[in-house]
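> Could you have a look at this structure, given as structure tokens, before my questions?
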4 protein chains.
Amino acid sequence: MSYNTFGHLFRVTTWGESHGPALGATVDGTPPGIALDPAMLQHWLDKRRPGQNKNTTQRNEPDAVEILSGVYEGRSTGTPIQLMIRNTDQRSKDYGDILQTFRPGHADITYHQKYGLRDPRGGGRSSARETAARVAAGGIARAALDHLVPSIEIKGYMVQMGEKTIDRERFDWGAIDQNDFWCPDATAAKDWEDYLTWLRKDDHNSVGAMIEVVARNVPAGLGAPIYGKLDTDLAAAMMSINAVKGVEIGEGMAAAALTGRDNADEIFMGPDGPDYSSNHAGGILGGISTGQDIVVRFAVKPTSSILSPRKSIRLDGSPTEVITKGRHDPCVGIRAVPVGEAMMACVVLDHLLRDRGQTGGTRGAIG
Amino acid sequence: MSYNTFGHLFRVTTWGESHGPALGATVDGTPPGIALDPAMLQHWLDKRRPGQNKNTTQRNEPDAVEILSGVYEGRSTGTPIQLMIRNTDQRSKDYGDILQTFRPGHADITYHQKYGLRDPRGGGRSSARETAARVAAGGIARAALDHLVPSIEIKGYMVQMGEKTIDRERFDWGAIDQNDFWCPDATAAKDWEDYLTWLRKDDHNSVGAMIEVVARNVPAGLGAPIYGKLDTDLAAAMMSINAVKGVEIGEGMAAAALTGRDNADEIFMGPDGPDYSSNHAGGILGGISTGQDIVVRFAVKPTSSILSPRKSIRLDGSPTEVITKGRHDPCVGIRAVPVGEAMMACVVLDHLLRDRGQTGGTRGAIG
Amino acid sequence: MSYNTFGHLFRVTTWGESHGPALGATVDGTPPGIALDPAMLQHWLDKRRPGQNKNTTQRNEPDAVEILSGVYEGRSTGTPIQLMIRNTDQRSKDYGDILQTFRPGHADITYHQKYGLRDPRGGGRSSARETAARVAAGGIARAALDHLVPSIEIKGYMVQMGEKTIDRERFDWGAIDQNDFWCPDATAAKDWEDYLTWLRKDDHNSVGAMIEVVARNVPAGLGAPIYGKLDTDLAAAMMSINAVKGVEIGEGMAAAALTGRDNADEIFMGPDGPDYSSNHAGGILGGISTGQDIVVRFAVKPTSSILSPRKSIRLDGSPTEVITKGRHDPCVGIRAVPVGEAMMACVVLDHLLRDRGQTGGTRGAIG
Amino acid sequence: MSYNTFGHLFRVTTWGESHGPALGATVDGTPPGIALDPAMLQHWLDKRRPGQNKNTTQRNEPDAVEILSGVYEGRSTGTPIQLMIRNTDQRSKDYGDILQTFRPGHADITYHQKYGLRDPRGGGRSSARETAARVAAGGIARAALDHLVPSIEIKGYMVQMGEKTIDRERFDWGAIDQNDFWCPDATAAKDWEDYLTWLRKDDHNSVGAMIEVVARNVPAGLGAPIYGKLDTDLAAAMMSINAVKGVEIGEGMAAAALTGRDNADEIFMGPDGPDYSSNHAGGILGGISTGQDIVVRFAVKPTSSILSPRKSIRLDGSPTEVITKGRHDPCVGIRAVPVGEAMMACVVLDHLLRDRGQTGGTRGAIG
């Protein structure tokens with residue numbers, strides 16, 4: 001019911017606005033005895049942090065996370081973990097001229113309509129900065145997963161920026177961390193860099209992106225019918241990220257174009273249990289993990305904070321044109337990569353805990 | 001936390017298997033005083049019911065819904081409404097040969113892995129038949145919406161079947177109810193009919209589909225940051241439907257290809273409040289409705305229950321080939337149309353109730 | 001959020017009115033593979049069933065429970081279990097004269113005030129008959145507990161009826177099932193019988209009761225801080241039963257009168273782990289079970305449905321006197337005994353599942 | 001599901017340990033536009049704050065609350081409000097000697113058994129200090145109630161300390177704020193002061209207490225059947241407070257001793273609607289408020305942190321005696337008064353919002 005909470009047994013509530021004193025996440029239900037320290041969380045926050053390269057906003061926030069509760073002598077106690085990130089670089093003056101104006105494509109107008117007031121500084125609650133709290137919480141989920149199922153790996157990367165897509169033939173896991181775009185295609189990454197520079201400097205524009213997140217070695221059996229499906233929770237988790245407009249599992253929207261014969265993932269008996277000829281299903285059947293890679297994609301719209309003028313209205317209904325001069329990412333999708341990873345980690349951990357709660361973790365034998 | 005529940009203030013829990021005595025929905029939180037009778041729900045169930053034409057499964061179920069509680073003298077009392085649909089046509093023998101076999105693309109294997117046992121008759125809990133319960137619950141949501149905001153209209157239709165898409169130039173609201181596909185393009189509908197007949201009879205195959213659901217005249221201000229977004233709940237609601245692999249709001253996955261300039265929905269002052277030049281956002285900004293049409297699309301994979309043999313394994317791990325001889329839809333997407341409408345109705349009502357709970361329904365003035 | 005739901009991982013939603021077609025419970029989250037059949041549930045329902053002896057209402061309902069889903073070949077499948085009990089003896093005419101009248105001490109007036117309408121037949125949703133659904137759900141919880149921790153025993157009994165209390169010196173577990181009052185003091189039971197006969201026949205009155213429910217051999221470690229405490233959930237579970245006005249754990253309200261020295265349960269090392277000199281705490285410290293007996297008491301008010309006239313008003317505000325002629329229990333507390341047991345079983349199972357979800361069931365060693 | 005959360009539409013999650021850097025509450029679902037500033041919350045925190053008089057612990061914490069989010073220019077924005085209270089006076093050395101020892105009557109042993117580790121400093125999460133977060137959250141609830149239903153008043157007071165009870169004949173609302181015990185009987189308060197001084201200084205003991213909390217002018221119609229009852233949520237809310245062992249509504253446990261004739265609150269038509277001859281029900285019928293005073297009582301056990309030696313065991317199972325030398329309240333019940341008020345405020349606000357969500361706040365007319 002809570003508006004700002006996700007998860008069930010492992011439950012995350014985020015709070016905070018872009019330009020208030022701080023933002024963070026209240027994380028409840030962490031298994032006890034998990035090794036945790038701020039540096040582990042900082043590792044993931046640093047991936048998301050703006051100001052690291054010229055392709056992301058030049059706002060410079062250290063995004064240093066503090067653990068205020070729930071950890072004693074470096075281990076989780078099982079009680080709520082409060083993660084706080086102070087807002088240190090709050091140049092509110094950049095936003096002064098939009099106080100009376102609704103930016104097209106922003107939540108300014110709907111917050112005003114719903115609540116009758118809003119914190120206009122930096123997008124307030126709807127700022128992309130909120131995702132820092134998710135990344136910090138995701139760091140806790142990763143630590144717990146490492147402890148419970150060490151083989152699980154979660155990795156996100158960009159597969160499309162604007163109309164430019166990666167070439168799956170050149171897919172290289174090793175390339176992902178080697179460029180500013182978390183792009184698994186090194187050739188594409190170079191092309192994207194030139195494009196984004198032009199877009200930002202010359203075109204005064206922004207661009208959308210598509211991110212893919214994969215979870216490998218997730219045990220079979222996580223998830224549940226019918227509304228508590230693993231894919232239901234993943235869809236909700238990804239759609240809850242700012243600017244996301246679509247979510248896909250496996251074939252995703254392309255499944256509409258397939259026939260049953262083509263879409264079938266045939267089953268074989270492998271050395272470690274059932275094996276599949278393909279993974280159109282994205283690792284989930286009937287809402288429950290198959291043991292294959294869990295594959296999720298989501299689309300991030302281009303930010304509407306651009307230097308090109310766009311028509312809008314003021315609070316008094318009068319017409320105006322909006323140019324957003326603040327420091328903004330030309331492609332917010334880049335920073336959505338670690339956010340998507342964090343959401344995947346949180347959802348998988350939650351389902352792992354729920355599954356062992358209901359079933360005790362026992363599995364039906366095959367073969 | 002409940003696995004089979006969705007919604008918050010208006011809350012639906014579905015139950016039942018394909019071949020048990022009955023299935024249904026427990027609906028809690030309905031506003032009191034809403035006019036309700038079984039015939040109103042039956043209207044929507046009849047849209048979903050199989051056996052109506054040759055393009056859907058020939059299983060013949062009357063799908064007659066009974067209201068067991070929560071309605072007194074034709075009006076909702078505010079207490080839980082129990083909706084029950086008996087399973088009358090349970091030809092379990094059709095499924096006898098798959099008791100020991102996992103059908104590729106089905107939940108057979110994951111249910112077995114998770115629970116150690118499963119009801120193999122007709123897919124058990126993962127049968128598409130479960131969606132009848134959602135449609136019945138959606139009928140209650142529609143009745144409540146009619147009472148609270150009479151102008152709201154919710155309409156679903158197919159926009160793609162396999163590789164065949166509608167021509168948006170020929171889009172005709174009036175055509176939707178005039179063909180077996182709920183297709184707004186009458187020309188496409190004829191073509192689809194020929195294709196599906198061939199696919200079923202000659203190709204022994206099935207095909208995917210894409211459904212679009214639109215809610216019109218939804219007031220601005222429904223939804224909430226950050227996880228309780230309207231789009232988060234819509235994504236979860238649609239992804240929870242059997243066989244759905246992707247969900248989009250507005251531009252959806254295509255938003256990845258757009259620039260900020262192209263994606264901006266410019267704002268003007270109209271006679272009744274803010275108006276927009278376009279609706280790339282699908283009627284939702286920052287998780288909150290703008291007052292524009294809410295536009296959701298989802299992709300339904302082709303059913304894996306086909307007459308063409310597919311490789312699989314048995315419970316003992318031995319290899320086998322599966323041909324599914326039961327009565328199955330060549331395109332389950334057709335019957336997903338009323339299901340998508342029902343989920344939209346439930347989510348919109350839930351957010352309407354939650355919004356008036358928190359804000360009292362007051363709105364920030366513009367102009 | 002759901003109004004008619006309790007529990008978290010093991011979750012029960014009850015539905016139905018006293019004089020509708022049926023009532024029941026939707027039970028979600030049951031561990032898979034639990035042996036279950038209607039006869040097992042019927043055993044507990046028969047304890048609660050009215051019409052068995054002259055001390056309870058003469059309404060004669062077989063209260064036969066049907067399992068509509070979630071059980072296949074005698075074992076739970078892990079999917080929702082729908083339990084339905086038909087209302088077969090619906091003498092609505094008994095209630096005709098109270099259609100326009102609010103009975104003092106009944107929910108008639110508050111339902112009307114909240115919802116603007118109500119099902120007046122037999123108390124509608126607020127009928128004690130609703131508790132049959134809880135008892136059926138409790139039967140499932142008991143079966144699951146038997147499977148998971150066979151040594152757990154749950155037993156309820158009456159310790160007070162009106163001003164008459166049991167003598168703890170005469171407490172005899174064996175006596176509980178030997179009298180109509182589930183009274184552990186056989187001498188008191190005889191006295192109570194005479195008193196209740198007089199109260200019903202001569203005094204046209206009703207009387208309150210106090211019930212104690214004990215859960216033995218519950219493992220240490222169930223529960224959680226701060227709001228998810230085992231005692232929080234037990235208090236809510238018992239207070240949710242019709243007519244309950246107070247709930248106590250261990251010393252309960254009497255703890256207010258004790259000093260710290262007297263209230264201390266001193267700890268010793270026993271052969272199987274920590275042992276305690278006393279159990280003032282009622283088996284719960286800091287919201288978590290200690291391994292001692294969990295002891296809960298609750299008070300049931302006397303039913304206001306009596307043959308003695310009581311002043312009230314009609315729907316139009318005019319004054320009237322109410323005499324309730326229907327078939328009613330002179331002491332509803334008697335039938336609350338199996339209800340209290342059922343709620344205890346549901347809460348303990350829920351916490352058992354939640355605990356193994358979060359902690360995996362591992363325990364900190366002592367000694 | 002969350003372990004440390006209560007409420008539904010108005011939802012509070014508390015976090016933090018006694019001796020960590022800070023503790024606080026994450027408050028979600030506050031209506032927008034409510035005037036809020038730290039001073040308003042501080043007013044209530046100061047009531048709970050230790051170190052104010054000799055009858056409470058001499059630990060000196062300013063308990064200054066900071067609002068980190070959800071408030072803009074002095075008004076709530078409708079987004080989550082983060083309340084943080086720093087722990088400034090953390091004399092951990094006081095607790096050094098209990099690191100290896102389980103204090104009788106404390107959560108030390110159950111935390112260890114459940115989680116395998118615990119933060120031993122000052123009781124960690126189970127410290128009474130956690131209640132400061134509830135009081136802060138309650139301050140927000142009070143501000144929202146003041147805005148929505150200005151006539152609502154919430155007042156708590158002690159009615160019993162040890163075996164000493166107030167004389168209801170001397171009940172004086174004005175006396176409550178005039179003594180250290182929030183006692184409505186000025187004569188009793190003087191007696192209690194002498195008793196408590198002796199208990200602390202000479203007897204090295206502690207004592208239990210009973211608190212009553214009344215909410216006046218709560219509208220009829222709040223609450224819901226069957227599990228979402230107003231009394232269910234109040235029972236859970238009060239039982240979730242540290243050291244509480246029993247909760248009563250209206251007559252409470254004493255209802256067991258009454259007859260139906262005596263317990264009936266007869267109904268009359270008053271000038272402003274229905275009126276009642278008495279309030280045995282404590283303002284709630286069928287889980288729904290009647291418009292009368294809502295009356296809740298709860299018992300607080302005596303703290304087990306006393307200077308008198310008590311037998312216990314160490315982590316290694318060896319026997320020991322425990323004397324708790326830290327700064328502890330001889331009667332923790334005193335400080336539970338503002339905590340009980342805060343919980344009442346949170347529950348009433350939550351039900352007010354839920355009610356207007358479901359029913360729109362319309363009421364059935366009488367007369």
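Each chain in the structure tokens gets a letter, A, B and so on, in the order shown; residues start at 1 in every chain, and ligands are counted from 1 in the order they appear.
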Sort by chain and increasing residue number a table of all residues of chain A within 7 Å of chain C, each with its closest pair of atoms and their distance in Å to one decimal, counting only C-alpha atoms, and write it as JSON lines.

{"residue": "A:Met1", "atom": "CA", "partner": "C:Met1", "partner_atom": "CA", "distance": 6.3}
{"residue": "A:Gly29", "atom": "CA", "partner": "C:Gln358", "partner_atom": "CA", "distance": 6.4}
{"residue": "A:Thr30", "atom": "CA", "partner": "C:Gln358", "partner_atom": "CA", "distance": 6.9}
{"residue": "A:Pro31", "atom": "CA", "partner": "C:Gln358", "partner_atom": "CA", "distance": 5.1}
{"residue": "A:Pro32", "atom": "CA", "partner": "C:Thr359", "partner_atom": "CA", "distance": 6.5}
{"residue": "A:Leu353", "atom": "CA", "partner": "C:Gly357", "partner_atom": "CA", "distance": 4.5}
{"residue": "A:Arg354", "atom": "CA", "partner": "C:Gly357", "partner_atom": "CA", "distance": 5.5}
{"residue": "A:Arg356", "atom": "CA", "partner": "C:Gly357", "partner_atom": "CA", "distance": 5.1}
{"residue": "A:Gly357", "atom": "CA", "partner": "C:Gly357", "partner_atom": "CA", "distance": 3.7}
{"residue": "A:Gln358", "atom": "CA", "partner": "C:Pro31", "partner_atom": "CA", "distance": 5.1}
{"residue": "A:Thr359", "atom": "CA", "partner": "C:Pro31", "partner_atom": "CA", "distance": 5.4}
> Just want the 8 Å neighbourhood of D:Asn217, counted on only C-alpha atoms, with same-chain residues fewer than 2 positions away dropped. Output as a PyMOL selection string.
chain D and resi 151-153+215+219+291-293
> Rounded to one decimal place, report the atom CA of D:Gly174-atom CA of C:Leu258 distance in Å.
28.3 Å
> So the first atom is atom CA of A:Arg121 and the second is atom CA of A:Ser18; what is the distance between them in Å, to one decimal place?
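For atom CA of A:Arg121 relative to atom CA of A:Ser18, the distance reads 6.9 Å.
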> Write out as a PyMOL selection string each polymer residue whose atoms come within 6 Å of C:Arg48, counting only C-alpha atoms; drop sequence neighbours fewer than 3 positions from it.
chain C and resi 45+335+338
> Give me, as a CSV table (one decimal) with N, CA and C atoms, in the first residue's frame, all polymer residues having an atom no more than 9 Å from D:Ile67, counting only C-alpha atoms and skipping those fewer than 6 positions away in the same chain.

chain,number,residue,atom,x,y,z
A,21,PRO,N,17.8,18.2,2.4
A,21,PRO,CA,19.1,17.9,3.1
A,21,PRO,C,19.7,16.5,2.8
D,37,ASP,N,6.3,21.7,11.0
D,37,ASP,CA,7.7,22.1,11.2
D,37,ASP,C,8.3,21.3,12.4
D,38,PRO,N,9.6,21.3,12.5
D,38,PRO,CA,10.2,20.4,13.6
D,38,PRO,C,9.7,20.8,15.0
D,81,ILE,N,8.0,11.5,4.3
D,81,ILE,CA,8.7,12.4,5.3
D,81,ILE,C,9.7,11.6,6.1
D,82,GLN,N,10.9,11.9,6.1
D,82,GLN,CA,11.9,11.2,6.9
D,82,GLN,C,12.2,12.0,8.1
D,83,LEU,N,12.0,11.4,9.3
D,83,LEU,CA,12.3,12.0,10.6
D,83,LEU,C,13.5,11.4,11.2
D,84,MET,N,14.5,12.2,11.5
D,84,MET,CA,15.7,11.6,12.1
D,84,MET,C,16.0,12.2,13.4
